[in-house]
Amino acid sequence: GAAQLAVVWSLAMTVVVVKGLLLKICSPLWWTLLLASSALLVALACHYAQKLTLREKTEADPDALDYGANAFPLVRWSFLAGVLAAVCGIGGGMVMGPILMGLKVPPPVSSATTATTLLIVSSSTSMVYLCRGLVPRDYSLYLAFIAASGAILGESVIGRWVRRTGRHSFIVWCLAGITMLSAALMGSLGATRAIHQGAAALACEIGRAHV
């Protein structure tokens, strides 16, 4: 529910602020807080999953979620998505979207879960840069305006069209398209940077050899 989400979000933001403002990066206390907060988040996820397993599937609605069967698999997949997001620098929602579709989660629930994941990740990441004094104000305002405009446009146009037509599969295709486009852009950008940096390093070594 909203209360559980507020607890997780508040915990994440508090840890980020304390690590960014009160502790020296990579100090023993910094690592201790990181490990302790990670363990606490895992414990909270398992606690909420255990509570979800006690819910019974609504027999009157065959499309209702089976919380008992999906609770702990979602915890494991969420942990994997978090690791991939941290290593690759992407949003965990990009990873969880296809996973939720594979678990036969209804598209409205899947998109809402992805949006919630992005809320926590983006707000905590923004706070990290803010604590380090690395936030470009003009770029941040522009990005916030574009993101808010996209969210409002998607809810007012696509959401209204889906509710009118009942074609929830369109949300799935949107998520799949965004995921594939993001993967293609990230892959091409990474490859381009690797080629340019490798060429620059090779040219530098050749120049040193001639000298």
# chains A, B, ... in the order shown; residues from 1 in each chain; ligands from 1
>>> residues_around(residues="range 151-168 of chain A", least_positions_apart="4", cutoff="9 Å", atoms="only C-alpha atoms", output="PyMOL selection string")
chain A and resi 106-108+146-147+172
>>> closest_residue(among="A:Leu141, A:His47, A:Ala12, A:Pro98", to="Gly177 in chain A", atoms="only C-alpha atoms")
A:Pro98
>>> atom_distance(atom1="CA of Ser110 in chain A", atom2="CA of Ala183 in chain A")
19.2 Å
>>> atom_distance(atom1="CA of Phe145 in chain A", atom2="CA of Ser111 in chain A")
20.8 Å
>>> closest_residue(among="A:Ala86, A:Val8, A:Val128, A:Met96", to="Val109 in chain A", atoms="only C-alpha atoms")
A:Met96
>>> atom_distance(atom1="CA of Ser10 in chain A", atom2="CA of Met101 in chain A")
28.3 Å
>>> select_by_dssp(residues="range 25-191 of chain A", states="alpha helix (DSSP H)", output="VMD selection string")
chain A and resid 28 to 53 67 to 88 92 to 102 107 to 131 137 to 153 160 to 165 169 to 191
>>> write_last_selection(atoms="C-alpha atoms", output="compact mmCIF listing (two decimals), in the first residue's frame")
# COMPACT_ATOMS: atom_id res chain seq x y z
CA PRO A 28 34.18 2.28 7.07
CA LEU A 29 31.01 3.96 8.34
CA TRP A 30 29.88 4.61 4.75
CA TRP A 31 30.22 0.92 3.87
CA THR A 32 28.58 -0.13 7.14
CA LEU A 33 25.56 2.07 6.45
CA LEU A 34 25.37 0.80 2.87
CA LEU A 35 25.39 -2.86 3.91
CA ALA A 36 22.99 -2.30 6.82
CA SER A 37 20.49 -0.38 4.69
CA SER A 38 20.67 -3.00 1.93
CA ALA A 39 20.01 -5.77 4.43
CA LEU A 40 17.10 -3.81 5.88
CA LEU A 41 15.56 -3.27 2.45
CA VAL A 42 15.85 -6.98 1.69
CA ALA A 43 14.22 -7.77 5.03
CA LEU A 44 11.37 -5.35 4.30
CA ALA A 45 10.87 -6.90 0.86
CA CYS A 46 10.66 -10.39 2.37
CA HIS A 47 8.29 -9.14 5.08
CA TYR A 48 5.90 -7.56 2.58
CA ALA A 49 6.14 -10.66 0.37
CA GLN A 50 5.21 -12.84 3.31
CA LYS A 51 2.17 -10.66 3.95
CA LEU A 52 1.17 -10.93 0.29
CA THR A 53 1.31 -14.73 0.40
CA TYR A 67 -0.12 -12.93 -4.77
CA GLY A 68 0.82 -16.14 -3.01
CA ALA A 69 2.54 -17.56 -6.09
CA ASN A 70 4.20 -14.34 -7.30
CA ALA A 71 5.30 -12.64 -4.07
CA PHE A 72 8.71 -14.22 -3.46
CA PRO A 73 9.59 -14.70 -7.16
CA LEU A 74 9.04 -10.96 -7.54
CA VAL A 75 11.43 -10.31 -4.64
CA ARG A 76 14.14 -12.38 -6.32
CA TRP A 77 13.58 -10.77 -9.72
CA SER A 78 13.53 -7.31 -8.14
CA PHE A 79 16.89 -7.97 -6.50
CA LEU A 80 18.32 -9.02 -9.86
CA ALA A 81 16.81 -5.95 -11.53
CA GLY A 82 18.37 -3.73 -8.88
CA VAL A 83 21.81 -5.26 -9.43
CA LEU A 84 21.54 -4.82 -13.20
CA ALA A 85 20.30 -1.26 -12.78
CA ALA A 86 23.23 -0.37 -10.53
CA VAL A 87 25.85 -2.05 -12.74
CA CYS A 88 24.53 -0.86 -16.10
CA GLY A 92 15.16 -1.02 -12.64
CA GLY A 93 11.75 -0.53 -14.22
CA MET A 94 13.25 -1.33 -17.63
CA VAL A 95 14.21 -4.75 -16.34
CA MET A 96 11.07 -5.40 -14.29
CA GLY A 97 8.69 -4.52 -17.12
CA PRO A 98 9.37 -7.64 -19.24
CA ILE A 99 9.59 -9.79 -16.10
CA LEU A 100 6.16 -8.67 -14.92
CA MET A 101 4.72 -9.39 -18.35
CA GLY A 102 6.26 -12.86 -18.21
CA PRO A 107 -0.51 -4.35 -18.18
CA PRO A 108 -2.00 -1.55 -15.99
CA VAL A 109 -0.44 -3.12 -12.89
CA SER A 110 2.86 -3.69 -14.70
CA SER A 111 3.08 -0.09 -15.90
CA ALA A 112 2.14 1.26 -12.47
CA THR A 113 4.81 -0.93 -10.83
CA THR A 114 7.40 0.25 -13.33
CA ALA A 115 6.47 3.88 -12.68
CA THR A 116 6.75 3.34 -8.92
CA THR A 117 10.18 1.79 -9.34
CA LEU A 118 11.31 4.73 -11.45
CA LEU A 119 10.00 7.15 -8.80
CA ILE A 120 12.20 5.67 -6.08
CA VAL A 121 15.25 5.23 -8.31
CA SER A 122 15.09 8.66 -9.93
CA SER A 123 14.43 10.55 -6.67
CA SER A 124 17.22 8.77 -4.78
CA THR A 125 19.66 9.19 -7.67
CA SER A 126 18.79 12.88 -7.95
CA MET A 127 19.44 13.27 -4.24
CA VAL A 128 22.87 11.65 -4.65
CA TYR A 129 23.87 14.24 -7.26
CA LEU A 130 22.32 17.02 -5.20
CA CYS A 131 24.33 16.06 -2.10
CA ARG A 137 20.10 23.49 -12.57
CA ASP A 138 19.16 24.43 -16.13
CA TYR A 139 19.40 20.86 -17.35
CA SER A 140 17.52 19.55 -14.30
CA LEU A 141 14.62 21.94 -14.80
CA TYR A 142 14.44 21.09 -18.50
CA LEU A 143 14.50 17.36 -17.82
CA ALA A 144 11.87 17.65 -15.08
CA PHE A 145 9.60 19.63 -17.39
CA ILE A 146 9.95 17.11 -20.23
CA ALA A 147 9.37 14.13 -17.92
CA ALA A 148 6.31 15.72 -16.31
CA SER A 149 4.90 16.67 -19.70
CA GLY A 150 5.38 13.13 -20.99
CA ALA A 151 3.68 11.63 -17.93
CA ILE A 152 0.70 13.96 -18.19
CA LEU A 153 0.40 13.40 -21.93
CA ARG A 160 -7.92 7.54 -21.88
CA TRP A 161 -7.68 5.63 -25.17
CA VAL A 162 -6.91 2.36 -23.38
CA ARG A 163 -9.81 2.82 -20.96
CA ARG A 164 -12.16 3.56 -23.84
CA THR A 165 -11.09 0.69 -26.08
CA SER A 169 -2.01 -4.81 -24.71
CA PHE A 170 -1.06 -1.41 -26.12
CA ILE A 171 0.60 -0.60 -22.78
CA VAL A 172 2.65 -3.78 -23.08
CA TRP A 173 3.81 -2.82 -26.57
CA CYS A 174 4.73 0.66 -25.35
CA LEU A 175 6.83 -0.80 -22.54
CA ALA A 176 8.49 -3.26 -24.92
CA GLY A 177 9.24 -0.52 -27.45
CA ILE A 178 10.73 1.81 -24.84
CA THR A 179 12.85 -1.01 -23.42
CA MET A 180 14.23 -2.06 -26.83
CA LEU A 181 14.85 1.56 -27.89
CA SER A 182 16.68 2.32 -24.64
CA ALA A 183 18.81 -0.82 -24.96
CA ALA A 184 19.69 0.06 -28.55
CA LEU A 185 20.58 3.65 -27.66
CA MET A 186 22.65 2.65 -24.64
CA GLY A 187 24.46 -0.04 -26.61
CA SER A 188 25.26 2.24 -29.51
CA LEU A 189 26.37 5.06 -27.20
CA GLY A 190 28.61 2.71 -25.22
CA ALA A 191 30.13 1.26 -28.37
>>> decode(residues="range 132-181 of chain A", atoms="N, CA and C atoms", output="mmCIF file, in the first residue's frame")
data_model
loop_
_atom_site.group_PDB
_atom_site.id
_atom_site.type_symbol
_atom_site.label_atom_id
_atom_site.label_comp_id
_atom_site.auth_asym_id
_atom_site.auth_seq_id
_atom_site.Cartn_x
_atom_site.Cartn_y
_atom_site.Cartn_z
ATOM 1 N N ARG A 132 26.125 15.824 -3.702
ATOM 2 C CA ARG A 132 27.496 16.000 -4.187
ATOM 3 C C ARG A 132 27.702 17.325 -4.906
ATOM 4 N N GLY A 133 26.646 18.107 -5.040
ATOM 5 C CA GLY A 133 26.763 19.387 -5.721
ATOM 6 C C GLY A 133 26.991 19.259 -7.212
ATOM 7 N N LEU A 134 26.446 18.223 -7.826
ATOM 8 C CA LEU A 134 26.680 17.960 -9.244
ATOM 9 C C LEU A 134 25.429 18.126 -10.089
ATOM 10 N N VAL A 135 24.447 18.853 -9.575
ATOM 11 C CA VAL A 135 23.185 19.006 -10.292
ATOM 12 C C VAL A 135 23.227 20.265 -11.147
ATOM 13 N N PRO A 136 23.215 20.143 -12.478
ATOM 14 C CA PRO A 136 23.105 21.328 -13.337
ATOM 15 C C PRO A 136 21.666 21.838 -13.317
ATOM 16 N N ARG A 137 21.464 23.016 -12.817
ATOM 17 C CA ARG A 137 20.100 23.486 -12.573
ATOM 18 C C ARG A 137 19.299 23.654 -13.865
ATOM 19 N N ASP A 138 19.916 24.225 -14.898
ATOM 20 C CA ASP A 138 19.160 24.430 -16.132
ATOM 21 C C ASP A 138 18.763 23.097 -16.753
ATOM 22 N N TYR A 139 19.697 22.164 -16.788
ATOM 23 C CA TYR A 139 19.399 20.855 -17.355
ATOM 24 C C TYR A 139 18.366 20.117 -16.510
ATOM 25 N N SER A 140 18.458 20.235 -15.192
ATOM 26 C CA SER A 140 17.522 19.554 -14.303
ATOM 27 C C SER A 140 16.107 20.074 -14.494
ATOM 28 N N LEU A 141 15.957 21.373 -14.598
ATOM 29 C CA LEU A 141 14.624 21.943 -14.804
ATOM 30 C C LEU A 141 14.050 21.522 -16.151
ATOM 31 N N TYR A 142 14.894 21.508 -17.166
ATOM 32 C CA TYR A 142 14.439 21.089 -18.496
ATOM 33 C C TYR A 142 14.009 19.620 -18.490
ATOM 34 N N LEU A 143 14.827 18.778 -17.864
ATOM 35 C CA LEU A 143 14.505 17.362 -17.816
ATOM 36 C C LEU A 143 13.230 17.112 -17.014
ATOM 37 N N ALA A 144 13.078 17.817 -15.882
ATOM 38 C CA ALA A 144 11.874 17.649 -15.076
ATOM 39 C C ALA A 144 10.627 18.079 -15.844
ATOM 40 N N PHE A 145 10.742 19.152 -16.608
ATOM 41 C CA PHE A 145 9.600 19.625 -17.389
ATOM 42 C C PHE A 145 9.217 18.616 -18.473
ATOM 43 N N ILE A 146 10.219 18.084 -19.167
ATOM 44 C CA ILE A 146 9.952 17.112 -20.226
ATOM 45 C C ILE A 146 9.342 15.831 -19.646
ATOM 46 N N ALA A 147 9.887 15.357 -18.530
ATOM 47 C CA ALA A 147 9.373 14.134 -17.921
ATOM 48 C C ALA A 147 7.941 14.320 -17.432
ATOM 49 N N ALA A 148 7.668 15.458 -16.786
ATOM 50 C CA ALA A 148 6.314 15.718 -16.309
ATOM 51 C C ALA A 148 5.335 15.857 -17.467
ATOM 52 N N SER A 149 5.768 16.514 -18.529
ATOM 53 C CA SER A 149 4.895 16.670 -19.695
ATOM 54 C C SER A 149 4.594 15.314 -20.329
ATOM 55 N N GLY A 150 5.598 14.456 -20.434
ATOM 56 C CA GLY A 150 5.378 13.129 -20.988
ATOM 57 C C GLY A 150 4.426 12.298 -20.145
ATOM 58 N N ALA A 151 4.570 12.382 -18.815
ATOM 59 C CA ALA A 151 3.681 11.628 -17.934
ATOM 60 C C ALA A 151 2.235 12.106 -18.049
ATOM 61 N N ILE A 152 2.060 13.415 -18.077
ATOM 62 C CA ILE A 152 0.701 13.963 -18.188
ATOM 63 C C ILE A 152 0.092 13.620 -19.540
ATOM 64 N N LEU A 153 0.900 13.723 -20.603
ATOM 65 C CA LEU A 153 0.405 13.396 -21.935
ATOM 66 C C LEU A 153 0.037 11.919 -22.052
ATOM 67 N N GLY A 154 0.888 11.063 -21.497
ATOM 68 C CA GLY A 154 0.604 9.632 -21.549
ATOM 69 C C GLY A 154 -0.655 9.267 -20.793
ATOM 70 N N GLU A 155 -0.851 9.863 -19.635
ATOM 71 C CA GLU A 155 -2.045 9.557 -18.848
ATOM 72 C C GLU A 155 -3.303 10.099 -19.508
ATOM 73 N N SER A 156 -3.226 11.292 -20.056
ATOM 74 C CA SER A 156 -4.426 11.916 -20.609
ATOM 75 C C SER A 156 -4.798 11.360 -21.979
ATOM 76 N N VAL A 157 -3.815 10.992 -22.792
ATOM 77 C CA VAL A 157 -4.092 10.532 -24.150
ATOM 78 C C VAL A 157 -4.132 9.006 -24.214
ATOM 79 N N ILE A 158 -2.995 8.374 -23.893
ATOM 80 C CA ILE A 158 -2.925 6.916 -24.003
ATOM 81 C C ILE A 158 -3.816 6.246 -22.967
ATOM 82 N N GLY A 159 -3.777 6.762 -21.739
ATOM 83 C CA GLY A 159 -4.613 6.165 -20.696
ATOM 84 C C GLY A 159 -6.091 6.252 -21.026
ATOM 85 N N ARG A 160 -6.509 7.391 -21.523
ATOM 86 C CA ARG A 160 -7.922 7.545 -21.878
ATOM 87 C C ARG A 160 -8.292 6.635 -23.044
ATOM 88 N N TRP A 161 -7.394 6.496 -24.018
ATOM 89 C CA TRP A 161 -7.681 5.631 -25.168
ATOM 90 C C TRP A 161 -7.774 4.168 -24.744
ATOM 91 N N VAL A 162 -6.876 3.741 -23.845
ATOM 92 C CA VAL A 162 -6.909 2.357 -23.376
ATOM 93 C C VAL A 162 -8.183 2.085 -22.585
ATOM 94 N N ARG A 163 -8.577 3.025 -21.739
ATOM 95 C CA ARG A 163 -9.807 2.824 -20.964
ATOM 96 C C ARG A 163 -11.035 2.781 -21.871
ATOM 97 N N ARG A 164 -11.007 3.534 -22.943
ATOM 98 C CA ARG A 164 -12.163 3.564 -23.842
ATOM 99 C C ARG A 164 -12.243 2.315 -24.709
ATOM 100 N N THR A 165 -11.097 1.845 -25.183
ATOM 101 C CA THR A 165 -11.094 0.693 -26.077
ATOM 102 C C THR A 165 -10.909 -0.636 -25.351
ATOM 103 N N GLY A 166 -10.338 -0.594 -24.159
ATOM 104 C CA GLY A 166 -10.076 -1.829 -23.425
ATOM 105 C C GLY A 166 -8.879 -2.613 -23.928
ATOM 106 N N ARG A 167 -8.077 -2.029 -24.776
ATOM 107 C CA ARG A 167 -6.902 -2.712 -25.335
ATOM 108 C C ARG A 167 -5.677 -2.456 -24.454
ATOM 109 N N HIS A 168 -5.595 -3.211 -23.372
ATOM 110 C CA HIS A 168 -4.480 -3.038 -22.443
ATOM 111 C C HIS A 168 -3.164 -3.527 -23.037
ATOM 112 N N SER A 169 -3.241 -4.328 -24.091
ATOM 113 C CA SER A 169 -2.010 -4.814 -24.705
ATOM 114 C C SER A 169 -1.175 -3.676 -25.290
ATOM 115 N N PHE A 170 -1.811 -2.548 -25.574
ATOM 116 C CA PHE A 170 -1.064 -1.410 -26.117
ATOM 117 C C PHE A 170 -0.033 -0.916 -25.111
ATOM 118 N N ILE A 171 -0.356 -1.000 -23.810
ATOM 119 C CA ILE A 171 0.596 -0.601 -22.776
ATOM 120 C C ILE A 171 1.807 -1.524 -22.806
ATOM 121 N N VAL A 172 1.550 -2.817 -23.011
ATOM 122 C CA VAL A 172 2.652 -3.779 -23.084
ATOM 123 C C VAL A 172 3.580 -3.455 -24.249
ATOM 124 N N TRP A 173 2.993 -3.140 -25.406
ATOM 125 C CA TRP A 173 3.813 -2.817 -26.569
ATOM 126 C C TRP A 173 4.594 -1.525 -26.359
ATOM 127 N N CYS A 174 4.001 -0.585 -25.667
ATOM 128 C CA CYS A 174 4.730 0.661 -25.348
ATOM 129 C C CYS A 174 5.932 0.370 -24.468
ATOM 130 N N LEU A 175 5.724 -0.450 -23.426
ATOM 131 C CA LEU A 175 6.835 -0.800 -22.541
ATOM 132 C C LEU A 175 7.926 -1.551 -23.300
ATOM 133 N N ALA A 176 7.506 -2.500 -24.148
ATOM 134 C CA ALA A 176 8.493 -3.261 -24.922
ATOM 135 C C ALA A 176 9.268 -2.358 -25.874
ATOM 136 N N GLY A 177 8.568 -1.429 -26.528
ATOM 137 C CA GLY A 177 9.238 -0.519 -27.446
ATOM 138 C C GLY A 177 10.228 0.392 -26.751
ATOM 139 N N ILE A 178 9.824 0.928 -25.594
ATOM 140 C CA ILE A 178 10.728 1.810 -24.836
ATOM 141 C C ILE A 178 11.949 1.040 -24.371
ATOM 142 N N THR A 179 11.739 -0.194 -23.890
ATOM 143 C CA THR A 179 12.852 -1.006 -23.423
ATOM 144 C C THR A 179 13.841 -1.305 -24.540
ATOM 145 N N MET A 180 13.337 -1.733 -25.708
ATOM 146 C CA MET A 180 14.227 -2.058 -26.825
ATOM 147 C C MET A 180 14.937 -0.819 -27.347
ATOM 148 N N LEU A 181 14.217 0.318 -27.415
ATOM 149 C CA LEU A 181 14.846 1.555 -27.885
ATOM 150 C C LEU A 181 15.937 2.009 -26.921
#
